[in-house]
>>> print(open('start-v8.json').read())   # JSON, C-alpha atoms
[["chain", "number", "residue", "atom", "x", "y", "z"],
["Y", 1, "MET", "CA", 8.72, -20.73, -25.55],
["Y", 2, "LEU", "CA", 7.08, -19.15, -22.52],
["Y", 3, "ASP", "CA", 10.02, -16.80, -22.05],
["Y", 4, "GLY", "CA", 8.90, -14.74, -25.01],
["Y", 5, "ALA", "CA", 5.23, -14.76, -24.07],
["Y", 6, "SER", "CA", 3.52, -11.53, -23.06],
["Y", 7, "ASP", "CA", 2.62, -10.99, -19.42],
["Y", 8, "GLU", "CA", -1.05, -11.18, -20.31],
["Y", 9, "ASP", "CA", -0.63, -14.55, -22.08],
["Y", 10, "LEU", "CA", 1.28, -15.88, -19.09],
["Y", 11, "VAL", "CA", -1.55, -14.90, -16.75],
["Y", 12, "THR", "CA", -4.00, -16.68, -19.01],
["Y", 13, "GLN", "CA", -1.82, -19.79, -18.67],
["Y", 14, "ILE", "CA", -1.53, -19.32, -14.91],
["Y", 15, "ALA", "CA", -5.32, -19.31, -14.68],
["Y", 16, "THR", "CA", -5.09, -22.95, -15.81],
["Y", 17, "GLN", "CA", -2.59, -23.63, -12.97],
["Y", 18, "ASP", "CA", 0.41, -23.63, -15.32],
["Y", 19, "GLN", "CA", 3.39, -23.51, -12.97],
["Y", 20, "ARG", "CA", 5.94, -22.91, -15.74],
["Y", 21, "ALA", "CA", 4.12, -19.77, -16.81],
["Y", 22, "PHE", "CA", 4.03, -18.64, -13.20],
["Y", 23, "ARG", "CA", 7.79, -19.16, -12.85],
["Y", 24, "VAL", "CA", 8.44, -17.01, -15.92],
["Y", 25, "LEU", "CA", 6.14, -14.25, -14.70],
["Y", 26, "ILE", "CA", 7.53, -14.19, -11.18],
["Y", 27, "ALA", "CA", 11.12, -14.06, -12.46],
["Y", 28, "ARG", "CA", 10.15, -11.18, -14.71],
["Y", 29, "HIS", "CA", 8.42, -9.03, -12.10],
["Y", 30, "MET", "CA", 9.66, -9.91, -8.63],
["Y", 31, "ARG", "CA", 12.34, -7.21, -8.64],
["Y", 32, "ARG", "CA", 9.80, -4.54, -9.59],
["Y", 33, "ALA", "CA", 7.39, -5.71, -6.93],
["Y", 34, "LEU", "CA", 10.12, -5.52, -4.28],
["Y", 35, "ARG", "CA", 11.22, -2.07, -5.44],
["Y", 36, "VAL", "CA", 7.72, -0.55, -5.47],
["Y", 37, "ALA", "CA", 6.83, -2.14, -2.14],
["Y", 38, "GLN", "CA", 10.05, -0.98, -0.52],
["Y", 39, "ALA", "CA", 9.84, 2.54, -1.93],
["Y", 40, "THR", "CA", 6.29, 2.80, -0.60],
["Y", 41, "THR", "CA", 6.64, 1.19, 2.82],
["Y", 42, "GLY", "CA", 10.25, 2.12, 3.50],
["Y", 43, "THR", "CA", 11.23, -1.26, 4.93],
["Y", 44, "ALA", "CA", 12.84, -4.25, 3.24],
["Y", 45, "ALA", "CA", 11.10, -6.80, 5.47],
["Y", 46, "ASP", "CA", 7.65, -5.38, 4.68],
["Y", 47, "ALA", "CA", 8.55, -5.22, 1.00],
["Y", 48, "ASP", "CA", 9.52, -8.91, 0.97],
["Y", 49, "ASP", "CA", 6.20, -9.92, 2.55],
["Y", 50, "ILE", "CA", 4.21, -7.70, 0.22],
["Y", 51, "ALA", "CA", 5.92, -8.86, -2.97],
["Y", 52, "GLN", "CA", 5.48, -12.50, -1.99],
["Y", 53, "GLU", "CA", 1.83, -12.01, -1.09],
["Y", 54, "ALA", "CA", 1.24, -10.16, -4.38],
["Y", 55, "PHE", "CA", 2.44, -13.19, -6.35],
["Y", 56, "VAL", "CA", 0.44, -15.60, -4.23],
["Y", 57, "ARG", "CA", -2.60, -13.51, -5.15],
["Y", 58, "VAL", "CA", -1.65, -13.55, -8.82],
["Y", 59, "TRP", "CA", -1.59, -17.37, -8.66],
["Y", 60, "HIS", "CA", -4.96, -17.61, -6.93],
["Y", 61, "ARG", "CA", -6.70, -14.81, -8.81],
["Y", 62, "ALA", "CA", -5.30, -15.15, -12.31],
["Y", 63, "SER", "CA", -8.71, -16.16, -13.62],
["Y", 64, "SER", "CA", -10.13, -12.77, -12.56],
["Y", 65, "PHE", "CA", -7.63, -10.88, -14.70],
["Y", 66, "ASP", "CA", -9.16, -9.45, -17.86],
["Y", 67, "GLN", "CA", -6.61, -8.22, -20.37],
["Y", 68, "ARG", "CA", -9.32, -6.32, -22.24],
["Y", 69, "ILE", "CA", -9.60, -4.02, -19.22],
["Y", 70, "ALA", "CA", -6.03, -3.61, -18.04],
["Y", 71, "ARG", "CA", -2.46, -4.55, -18.77],
["Y", 72, "PHE", "CA", -0.91, -7.08, -16.41],
["Y", 73, "THR", "CA", 1.55, -4.54, -14.97],
["Y", 74, "THR", "CA", -1.26, -2.14, -14.08],
["Y", 75, "TRP", "CA", -3.25, -4.92, -12.41],
["Y", 76, "PHE", "CA", -0.20, -6.23, -10.62],
["Y", 77, "TYR", "CA", 1.05, -2.86, -9.41],
["Y", 78, "ARG", "CA", -2.40, -2.17, -8.04],
["Y", 79, "ILE", "CA", -2.15, -5.36, -5.97],
["Y", 80, "VAL", "CA", 1.30, -4.35, -4.71],
["Y", 81, "VAL", "CA", 0.32, -0.77, -3.88],
["Y", 82, "ASN", "CA", -2.88, -1.88, -2.13],
["Y", 83, "LEU", "CA", -0.95, -4.38, -0.03],
["Y", 84, "ALA", "CA", 1.63, -1.72, 0.81],
["Y", 85, "MET", "CA", -1.06, 0.77, 1.86],
["Y", 86, "ASP", "CA", -2.76, -1.90, 3.98],
["Y", 87, "ARG", "CA", 0.57, -2.65, 5.64],
["Y", 88, "LEU", "CA", 1.16, 1.03, 6.40],
["Y", 89, "ARG", "CA", -2.24, 1.33, 8.07],
["Y", 90, "ARG", "CA", -1.14, -1.17, 10.70],
["Y", 91, "PRO", "CA", 0.40, 0.37, 13.81],
["Y", 92, "ARG", "CA", 4.19, 0.14, 13.70],
["Y", 93, "SER", "CA", 6.81, 0.73, 16.33],
["Y", 94, "GLU", "CA", 10.01, 0.58, 14.30],
["Y", 95, "PRO", "CA", 11.09, 3.54, 12.10],
["Y", 96, "LEU", "CA", 11.30, 3.35, 8.30],
["Y", 97, "ASP", "CA", 14.65, 2.07, 7.13],
["Y", 98, "HIS", "CA", 14.99, 3.64, 3.70],
["Y", 99, "ALA", "CA", 18.54, 4.69, 4.39],
["Y", 100, "ALA", "CA", 19.87, 1.29, 5.34],
["Y", 101, "ASN", "CA", 18.23, -0.46, 2.43],
["Y", 102, "VAL", "CA", 19.12, 2.03, -0.24],
["Y", 103, "ALA", "CA", 22.76, 2.07, 0.68],
["Y", 104, "SER", "CA", 23.32, -1.54, 1.57],
["Y", 105, "GLU", "CA", 23.35, -3.23, -1.84],
["Y", 106, "ALA", "CA", 25.49, -0.99, -4.05],
["Y", 107, "PRO", "CA", 27.75, -3.21, -6.14],
["Y", 108, "ASP", "CA", 30.82, -0.91, -6.26],
["Y", 109, "PRO", "CA", 32.22, -0.11, -2.78],
["Y", 110, "LEU", "CA", 33.96, 3.09, -3.91],
["Y", 111, "ALA", "CA", 30.89, 4.41, -5.70],
["Y", 112, "HIS", "CA", 28.89, 3.41, -2.70],
["Y", 113, "LEU", "CA", 31.15, 5.40, -0.40],
["Y", 114, "VAL", "CA", 30.98, 8.52, -2.57],
["Y", 115, "ALA", "CA", 27.25, 8.32, -3.02],
["Y", 116, "SER", "CA", 26.29, 7.16, 0.44],
["Y", 117, "GLU", "CA", 25.88, 10.60, 1.97],
["Y", 118, "GLU", "CA", 23.65, 11.74, -0.87],
["Y", 119, "GLN", "CA", 21.68, 8.51, -0.73],
["Y", 120, "HIS", "CA", 21.27, 8.83, 3.00],
["Y", 121, "MET", "CA", 19.93, 12.34, 2.58],
["Y", 122, "LEU", "CA", 17.57, 11.24, -0.21],
["Y", 123, "ALA", "CA", 16.36, 8.28, 1.77],
["Y", 124, "GLY", "CA", 15.56, 10.59, 4.66],
["Y", 125, "ALA", "CA", 13.73, 12.94, 2.31],
["Y", 126, "LEU", "CA", 11.71, 10.06, 0.85],
["Y", 127, "ALA", "CA", 10.77, 8.86, 4.31],
["Y", 128, "GLU", "CA", 9.34, 12.29, 5.15],
["Y", 129, "ILE", "CA", 6.79, 12.45, 2.33],
["Y", 130, "SER", "CA", 3.46, 10.62, 2.46],
["Y", 131, "GLU", "CA", 3.17, 6.95, 1.51],
["Y", 132, "ARG", "CA", 0.88, 7.81, -1.40],
["Y", 133, "GLN", "CA", 3.44, 10.26, -2.71],
["Y", 134, "ARG", "CA", 6.14, 7.59, -2.35],
["Y", 135, "ALA", "CA", 3.96, 5.14, -4.27],
["Y", 136, "ALA", "CA", 3.45, 7.71, -7.03],
["Y", 137, "ILE", "CA", 7.21, 8.29, -7.25],
["Y", 138, "ALA", "CA", 7.87, 4.55, -7.33],
["Y", 139, "LEU", "CA", 5.36, 3.94, -10.12],
["Y", 140, "PHE", "CA", 6.02, 6.94, -12.30],
["Y", 141, "HIS", "CA", 9.72, 7.42, -11.74],
["Y", 142, "PHE", "CA", 11.26, 4.10, -10.71],
["Y", 143, "GLU", "CA", 9.03, 1.90, -12.86],
["Y", 144, "GLY", "CA", 8.46, 4.32, -15.73],
["Y", 145, "LEU", "CA", 4.68, 4.01, -15.81],
["Y", 146, "SER", "CA", 2.74, 6.67, -17.69],
["Y", 147, "GLY", "CA", 0.34, 8.96, -15.86],
["Y", 148, "ARG", "CA", -2.57, 6.83, -17.05],
["Y", 149, "GLU", "CA", -0.97, 3.56, -15.91],
["Y", 150, "GLY", "CA", 0.07, 5.05, -12.57],
["Y", 151, "ALA", "CA", -3.46, 6.33, -12.05],
["Y", 152, "ASP", "CA", -4.90, 2.89, -12.77],
["Y", 153, "ALA", "CA", -2.41, 1.21, -10.45],
["Y", 154, "MET", "CA", -3.36, 3.54, -7.61],
["Y", 155, "ASN", "CA", -7.05, 3.45, -8.46],
["Y", 156, "LEU", "CA", -7.15, 7.18, -9.09],
["Y", 157, "SER", "CA", -8.27, 9.37, -11.95],
["Y", 158, "GLU", "CA", -5.48, 10.50, -14.25],
["Y", 159, "LYS", "CA", -5.92, 14.06, -12.99],
["Y", 160, "ALA", "CA", -5.73, 12.97, -9.36],
["Y", 161, "PHE", "CA", -2.60, 10.92, -10.01],
["Y", 162, "GLU", "CA", -1.00, 13.86, -11.82],
["Y", 163, "SER", "CA", -1.81, 16.11, -8.88],
["Y", 164, "LEU", "CA", -0.40, 13.54, -6.43],
["Y", 165, "TRP", "CA", 2.73, 13.17, -8.54],
["Y", 166, "ILE", "CA", 3.26, 16.96, -8.74],
["Y", 167, "ARG", "CA", 2.94, 17.25, -4.95],
["Y", 168, "ALA", "CA", 5.27, 14.27, -4.49],
["Y", 169, "ARG", "CA", 7.94, 15.79, -6.68],
["Y", 170, "ALA", "CA", 7.59, 19.22, -5.10],
["Y", 171, "ALA", "CA", 7.69, 17.75, -1.58],
["Y", 172, "LEU", "CA", 10.78, 15.73, -2.41],
["Y", 173, "ARG", "CA", 12.48, 18.75, -3.89],
["Y", 174, "GLN", "CA", 11.64, 20.78, -0.78],
["Y", 175, "GLN", "CA", 12.94, 18.02, 1.48],
["Y", 176, "VAL", "CA", 16.17, 17.76, -0.49],
["Y", 177, "LEU", "CA", 16.74, 21.53, -0.45],
["Y", 178, "ALA", "CA", 16.05, 21.73, 3.28],
["Y", 179, "ARG", "CA", 18.39, 18.86, 4.03],
["Y", 180, "ARG", "CA", 21.15, 20.34, 1.93],
["Y", 181, "LEU", "CA", 20.82, 23.65, 3.72],
["Y", 182, "ARG", "CA", 20.39, 22.13, 7.17],
["Y", 183, "PRO", "CA", 21.46, 18.47, 7.33],
["Y", 184, "GLY", "CA", 19.03, 16.44, 9.41],
["Y", 185, "ALA", "CA", 16.29, 19.03, 9.04],
["Y", 186, "LYS", "CA", 12.61, 18.13, 8.84],
["Y", 187, "PRO", "CA", 10.82, 21.00, 7.10],
["U", 1, "MET", "CA", 3.73, 28.14, -25.00],
["U", 2, "THR", "CA", 5.12, 30.54, -22.43],
["U", 3, "LEU", "CA", 8.25, 29.92, -20.43],
["U", 4, "GLU", "CA", 6.07, 29.71, -17.32],
["U", 5, "GLU", "CA", 4.01, 26.89, -18.85],
["U", 6, "PHE", "CA", 7.20, 25.18, -19.92],
["U", 7, "LYS", "CA", 8.52, 25.41, -16.37],
["U", 8, "ARG", "CA", 5.32, 23.97, -14.94],
["U", 9, "LEU", "CA", 5.53, 21.00, -17.31],
["U", 10, "ALA", "CA", 9.18, 20.42, -16.43],
["U", 11, "GLU", "CA", 8.46, 20.56, -12.72],
["U", 12, "THR", "CA", 5.55, 18.18, -13.17],
["U", 13, "TRP", "CA", 6.90, 15.56, -15.56],
["U", 14, "GLY", "CA", 10.63, 15.97, -15.16],
["U", 15, "GLY", "CA", 13.44, 16.66, -17.58],
["U", 16, "ASP", "CA", 12.66, 13.86, -20.05],
["U", 17, "MET", "CA", 10.37, 15.54, -22.56],
["U", 18, "ALA", "CA", 9.36, 12.19, -24.02],
["U", 19, "ARG", "CA", 7.28, 11.70, -20.87],
["U", 20, "TRP", "CA", 5.46, 15.00, -21.14],
["U", 21, "PRO", "CA", 1.83, 15.07, -22.33],
["U", 22, "GLU", "CA", 1.80, 14.54, -26.05],
["U", 23, "ALA", "CA", -0.46, 17.52, -26.69],
["U", 24, "SER", "CA", 2.09, 20.00, -25.41],
["U", 25, "ARG", "CA", 5.26, 18.25, -26.54],
["U", 26, "ALA", "CA", 5.71, 19.86, -29.97],
["U", 27, "ALA", "CA", 5.42, 23.40, -28.62],
["U", 28, "ALA", "CA", 7.69, 22.52, -25.71],
["U", 29, "GLU", "CA", 10.36, 21.10, -27.99],
["U", 30, "ALA", "CA", 10.43, 24.33, -29.98],
["U", 31, "LEU", "CA", 10.83, 26.37, -26.81],
["U", 32, "ALA", "CA", 13.49, 24.00, -25.48],
["U", 33, "GLN", "CA", 15.99, 25.53, -27.89],
["U", 34, "THR", "CA", 16.16, 28.75, -25.83],
["U", 35, "ALA", "CA", 18.74, 29.18, -23.06],
["U", 36, "ASP", "CA", 16.11, 29.78, -20.35],
["U", 37, "ALA", "CA", 14.21, 26.63, -21.28],
["U", 38, "ARG", "CA", 17.42, 24.62, -21.38],
["U", 39, "GLN", "CA", 18.22, 25.78, -17.86],
["U", 40, "ILE", "CA", 14.74, 24.77, -16.68],
["U", 41, "LEU", "CA", 15.18, 21.35, -18.26],
["U", 42, "GLU", "CA", 18.57, 20.92, -16.66],
["U", 43, "ASP", "CA", 17.13, 21.75, -13.22],
["U", 44, "ALA", "CA", 14.37, 19.21, -13.77],
["U", 45, "ARG", "CA", 16.90, 16.56, -14.86],
["U", 46, "GLN", "CA", 18.92, 17.22, -11.75],
["U", 47, "LEU", "CA", 15.91, 16.38, -9.60],
["U", 48, "ASP", "CA", 15.25, 13.33, -11.79],
["U", 49, "ARG", "CA", 18.77, 12.09, -11.08],
["U", 50, "LEU", "CA", 18.27, 12.66, -7.37],
["U", 51, "ILE", "CA", 15.05, 10.68, -7.39],
["U", 52, "ASP", "CA", 16.73, 7.94, -9.41],
["U", 53, "ALA", "CA", 19.41, 7.72, -6.74],
["U", 54, "ALA", "CA", 16.72, 7.19, -4.11],
["U", 55, "ALA", "CA", 15.38, 4.05, -5.81],
["U", 56, "PRO", "CA", 15.90, 1.02, -3.58],
["U", 57, "GLU", "CA", 18.59, -1.34, -4.86],
["U", 58, "ILE", "CA", 17.31, -4.90, -5.02],
["U", 59, "SER", "CA", 19.98, -7.58, -5.21],
["U", 60, "GLU", "CA", 19.71, -10.74, -7.29],
["U", 61, "ASP", "CA", 19.98, -12.86, -4.12],
["U", 62, "ARG", "CA", 17.04, -11.13, -2.60],
["U", 63, "VAL", "CA", 14.94, -11.64, -5.72],
["U", 64, "SER", "CA", 15.81, -15.35, -5.69],
["U", 65, "ARG", "CA", 14.96, -15.66, -2.00],
["U", 66, "ALA", "CA", 11.61, -13.98, -2.54],
["U", 67, "ILE", "CA", 10.79, -16.25, -5.48],
["U", 68, "GLY", "CA", 11.72, -19.28, -3.37],
["U", 69, "ALA", "CA", 9.51, -18.06, -0.53],
["U", 70, "VAL", "CA", 6.52, -17.74, -2.87],
["U", 71, "THR", "CA", 7.09, -21.26, -4.18],
["U", 72, "ILE", "CA", 7.19, -22.61, -0.62],
["U", 73, "ARG", "CA", 4.03, -20.73, 0.32],
["U", 74, "LEU", "CA", 2.14, -22.09, -2.66],
["U", 75, "ALA", "CA", 3.40, -25.62, -2.07],
["U", 76, "ALA", "CA", 2.25, -25.56, 1.57],
["U", 77, "PRO", "CA", -1.20, -27.00, 2.25],
["U", 78, "GLU", "CA", -3.81, -24.32, 2.06],
["U", 79, "ARG", "CA", -5.26, -23.19, 5.36],
["U", 80, "PRO", "CA", -8.98, -23.78, 5.89],
["U", 81, "ARG", "CA", -10.98, -21.17, 4.03],
["U", 82, "PHE", "CA", -12.67, -19.79, 7.17],
["U", 83, "ALA", "CA", -9.33, -19.02, 8.76],
["U", 84, "LEU", "CA", -8.64, -16.50, 6.01],
["U", 85, "LEU", "CA", -11.76, -14.47, 6.62],
["U", 86, "PRO", "CA", -11.09, -11.52, 8.90],
["U", 87, "LEU", "CA", -14.58, -11.67, 10.42],
["U", 88, "THR", "CA", -14.22, -15.22, 11.68],
["U", 89, "ARG", "CA", -12.00, -14.21, 14.59],
["U", 90, "TRP", "CA", -15.02, -12.39, 16.01],
["U", 91, "LEU", "CA", -17.33, -15.31, 15.37],
["U", 92, "VAL", "CA", -16.64, -17.29, 18.58],
["U", 93, "PRO", "CA", -16.91, -14.39, 21.06],
["U", 94, "ALA", "CA", -19.89, -12.94, 19.19],
["U", 95, "THR", "CA", -21.72, -16.30, 19.21],
["U", 96, "SER", "CA", -20.95, -16.80, 22.91],
["U", 97, "PHE", "CA", -22.31, -13.37, 23.72],
["U", 98, "ALA", "CA", -25.45, -13.97, 21.65],
["U", 99, "CYS", "CA", -26.08, -17.31, 23.40],
["U", 100, "ALA", "CA", -25.61, -15.74, 26.85],
["U", 101, "ALA", "CA", -28.00, -12.94, 25.92],
["U", 102, "ALA", "CA", -30.59, -15.44, 24.64],
["U", 103, "VAL", "CA", -30.41, -17.50, 27.86],
["U", 104, "GLY", "CA", -30.73, -14.35, 29.96],
["U", 105, "ALA", "CA", -33.71, -13.17, 27.96],
["U", 106, "SER", "CA", -35.38, -16.59, 28.33],
["U", 107, "PHE", "CA", -35.02, -16.50, 32.12],
["U", 108, "ALA", "CA", -36.34, -12.98, 32.25],
["U", 109, "PHE", "CA", -39.39, -14.05, 30.28],
["U", 110, "ILE", "CA", -40.09, -17.20, 32.33],
["U", 111, "GLN", "CA", -39.46, -15.79, 35.80],
["U", 112, "PRO", "CA", -39.49, -12.00, 35.81],
["U", 113, "LEU", "CA", -38.14, -10.19, 38.88],
["U", 114, "ASN", "CA", -40.56, -8.17, 41.02],
["U", 115, "ILE", "CA", -37.96, -5.76, 42.33],
["U", 116, "GLY", "CA", -38.67, -2.23, 41.35],
["U", 117, "ARG", "CA", -41.95, -3.12, 39.69],
["U", 118, "PRO", "CA", -44.69, -0.50, 40.25],
["U", 119, "GLN", "CA", -47.27, -1.74, 42.76],
["U", 120, "SER", "CA", -50.90, -0.87, 43.18],
["U", 121, "ASP", "CA", -51.99, 0.82, 46.42],
["U", 122, "GLY", "CA", -53.81, -2.32, 47.56],
["U", 123, "ALA", "CA", -50.78, -4.52, 47.04],
["U", 124, "ILE", "CA", -48.55, -2.12, 48.98],
["U", 125, "LEU", "CA", -51.00, -2.08, 51.87],
["U", 126, "THR", "CA", -51.08, -5.89, 51.96],
["U", 127, "LEU", "CA", -47.30, -6.04, 52.02],
["U", 128, "LEU", "CA", -47.14, -3.54, 54.88],
["U", 129, "LEU", "CA", -49.71, -5.47, 56.91],
["U", 130, "ASP", "CA", -47.93, -8.77, 56.30],
["U", 131, "SER", "CA", -44.60, -7.38, 57.43],
["U", 132, "ALA", "CA", -46.20, -5.87, 60.54],
["U", 133, "LEU", "CA", -47.73, -9.23, 61.42],
["U", 134, "LEU", "CA", -44.39, -10.99, 61.03],
["U", 135, "GLU", "CA", -42.50, -8.40, 63.08],
["U", 136, "HIS", "CA", -44.83, -8.36, 66.12],
["U", 137, "ASP", "CA", -46.32, -11.80, 65.93],
["U", 138, "TRP", "CA", -49.34, -10.68, 68.06],
["U", 139, "VAL", "CA", -52.04, -12.40, 66.04],
["U", 140, "VAL", "CA", -50.50, -15.83, 66.65],
["U", 141, "ARG", "CA", -50.57, -15.35, 70.36]]
>>> encode(input="start-v8.json", output="structure tokens")
Amino acid sequence: MLDGASDEDLVTQIATQDQRAFRVLIARHMRRALRVAQATTGTAADADDIAQEAFVRVWHRASSFDQRIARFTTWFYRIVVNLAMDRLRRPRSEPLDHAANVASEAPDPLAHLVASEEQHMLAGALAEISERQRAAIALFHFEGLSGREGADAMNLSEKAFESLWIRARAALRQQVLARRLRPGAKP
Amino acid sequence: MTLEEFKRLAETWGGDMARWPEASRAAAEALAQTADARQILEDARQLDRLIDAAAPEISEDRVSRAIGAVTIRLAAPERPRFALLPLTRWLVPATSFACAAAVGASFAFIQPLNIGRPQSDGAILTLLLDSALLEHDWVVR
């Protein structure tokens, strides 16, 4: 019965400590949380921590969610993006590992081989743009959020999100062009 | 809508016109029939495909592991509330410093030091005479 429930109804149930509702919600959104966190931070290990922490917060803060104000996905993505930004503010010594993570889990080995060079180049290009631009790409492009939803998730005005998204796309295009012309280049 | 406006929309929102702002969609769809507009759309779709290819692949195993980790974290006994507050790690050193400062201030109030305190002319003269007496010891004899 819970499987067909809306995200918002599940959160209402979770606010009453309903573990079954939580299991349905986490199964529904864990992959998205991991993808947005990894696209933003660039590391799988950070993404794992962030996605887990985001769901722990959903469990503890479900009662503060108001579906009259926001959809669950907007509220949840905001938690994920905020955690990712917090993580990126910490000093880090290891480089981003977009390339390794993007290429490592392709299901078809042949397709993986053919695409790996392109993926490697793209991963490098993604790593070169700002974390906010990566978050905008993850929300708008990977997750299919609208401009309004992306803006809400990043706590920005719709205009500001649109501007960030335009810069993100342009920067990525520039990175891709530069890398195609001069492999390994950092424009 | 001009071709330039069409191009700006394509570069902003990508090659999927369904995701373009609704207000400009009808005019854009009419223009999309022209060869130039089709080329612009194709360029935008090419970038869309590139961005799609950059999306991190998340395996089913990893999703399951992450779900399991959340379950374990929630099942674990909750840490004391104060341990979660970021300010509490400064509480012990800050309290120690405040106590030390309070003790120091109390001593200073009860028994102030005379060193460096401005003296009156009379007091300086007395000090000089006293030290002269101690040095030469002639009054005692």
>>> interface_residues(input="start-v8.json", of="chain U", to="chain Y", cutoff="12 Å", atoms="all atoms listed in the file", output="number ranges by chain")
U: 8-16, 18-22, 43-44, 46-76, 78
>>> closest_residue(input="start-v8.json", among="Y:Thr40, Y:Val80, Y:Arg68, Y:Glu117", to="Arg132 of chain Y", atoms="only C-alpha atoms")
Y:Thr40
>>> residues_near_point(input="start-v8.json", point="(-0.6, 5.7, -2.1)", cutoff="12 Å", atoms="only C-alpha atoms", output="JSON list (two decimals) with C-alpha atoms, keeping the file's coordinate frame")
[["chain", "number", "residue", "atom", "x", "y", "z"],
["Y", 36, "VAL", "CA", 7.72, -0.55, -5.47],
["Y", 37, "ALA", "CA", 6.83, -2.14, -2.14],
["Y", 39, "ALA", "CA", 9.84, 2.54, -1.93],
["Y", 40, "THR", "CA", 6.29, 2.80, -0.60],
["Y", 41, "THR", "CA", 6.64, 1.19, 2.82],
["Y", 77, "TYR", "CA", 1.05, -2.86, -9.41],
["Y", 78, "ARG", "CA", -2.40, -2.17, -8.04],
["Y", 79, "ILE", "CA", -2.15, -5.36, -5.97],
["Y", 80, "VAL", "CA", 1.30, -4.35, -4.71],
["Y", 81, "VAL", "CA", 0.32, -0.77, -3.88],
["Y", 82, "ASN", "CA", -2.88, -1.88, -2.13],
["Y", 83, "LEU", "CA", -0.95, -4.38, -0.03],
["Y", 84, "ALA", "CA", 1.63, -1.72, 0.81],
["Y", 85, "MET", "CA", -1.06, 0.77, 1.86],
["Y", 86, "ASP", "CA", -2.76, -1.90, 3.98],
["Y", 87, "ARG", "CA", 0.57, -2.65, 5.64],
["Y", 88, "LEU", "CA", 1.16, 1.03, 6.40],
["Y", 89, "ARG", "CA", -2.24, 1.33, 8.07],
["Y", 129, "ILE", "CA", 6.79, 12.45, 2.33],
["Y", 130, "SER", "CA", 3.46, 10.62, 2.46],
["Y", 131, "GLU", "CA", 3.17, 6.95, 1.51],
["Y", 132, "ARG", "CA", 0.88, 7.81, -1.40],
["Y", 133, "GLN", "CA", 3.44, 10.26, -2.71],
["Y", 134, "ARG", "CA", 6.14, 7.59, -2.35],
["Y", 135, "ALA", "CA", 3.96, 5.14, -4.27],
["Y", 136, "ALA", "CA", 3.45, 7.71, -7.03],
["Y", 137, "ILE", "CA", 7.21, 8.29, -7.25],
["Y", 138, "ALA", "CA", 7.87, 4.55, -7.33],
["Y", 139, "LEU", "CA", 5.36, 3.94, -10.12],
["Y", 150, "GLY", "CA", 0.07, 5.05, -12.57],
["Y", 151, "ALA", "CA", -3.46, 6.33, -12.05],
["Y", 152, "ASP", "CA", -4.90, 2.89, -12.77],
["Y", 153, "ALA", "CA", -2.41, 1.21, -10.45],
["Y", 154, "MET", "CA", -3.36, 3.54, -7.61],
["Y", 155, "ASN", "CA", -7.05, 3.45, -8.46],
["Y", 156, "LEU", "CA", -7.15, 7.18, -9.09],
["Y", 160, "ALA", "CA", -5.73, 12.97, -9.36],
["Y", 161, "PHE", "CA", -2.60, 10.92, -10.01],
["Y", 164, "LEU", "CA", -0.40, 13.54, -6.43],
["Y", 165, "TRP", "CA", 2.73, 13.17, -8.54],
["Y", 168, "ALA", "CA", 5.27, 14.27, -4.49]]
>>> atom_distance(input="start-v8.json", atom1="atom CA of Glu128 of chain Y", atom2="atom CA of Lys159 of chain Y")
23.8 Å
>>> atom_distance(input="start-v8.json", atom1="atom CA of Leu10 of chain Y", atom2="atom CA of Ser157 of chain Y")
27.9 Å
>>> atom_distance(input="start-v8.json", atom1="atom CA of Ile14 of chain Y", atom2="atom CA of Ala70 of chain Y")
16.6 Å
>>> decode(input="start-v8.json", residues="segment 27-39 of chain U", atoms="C-alpha atoms", output="tab-separated table (two decimals), in the first residue's frame")
chain	number	residue	atom	x	y	z
U	27	ALA	CA	7.11	30.84	-31.07
U	28	ALA	CA	10.19	28.65	-30.78
U	29	GLU	CA	8.37	25.61	-32.13
U	30	ALA	CA	7.32	27.56	-35.21
U	31	LEU	CA	10.88	28.69	-35.81
U	32	ALA	CA	12.23	25.18	-35.21
U	33	GLN	CA	10.97	24.17	-38.65
U	34	THR	CA	13.73	26.18	-40.36
U	35	ALA	CA	17.07	24.60	-41.25
U	36	ASP	CA	19.10	27.09	-39.17
U	37	ALA	CA	16.98	26.48	-36.08
U	38	ARG	CA	17.20	22.73	-36.56
U	39	GLN	CA	20.98	23.00	-36.65
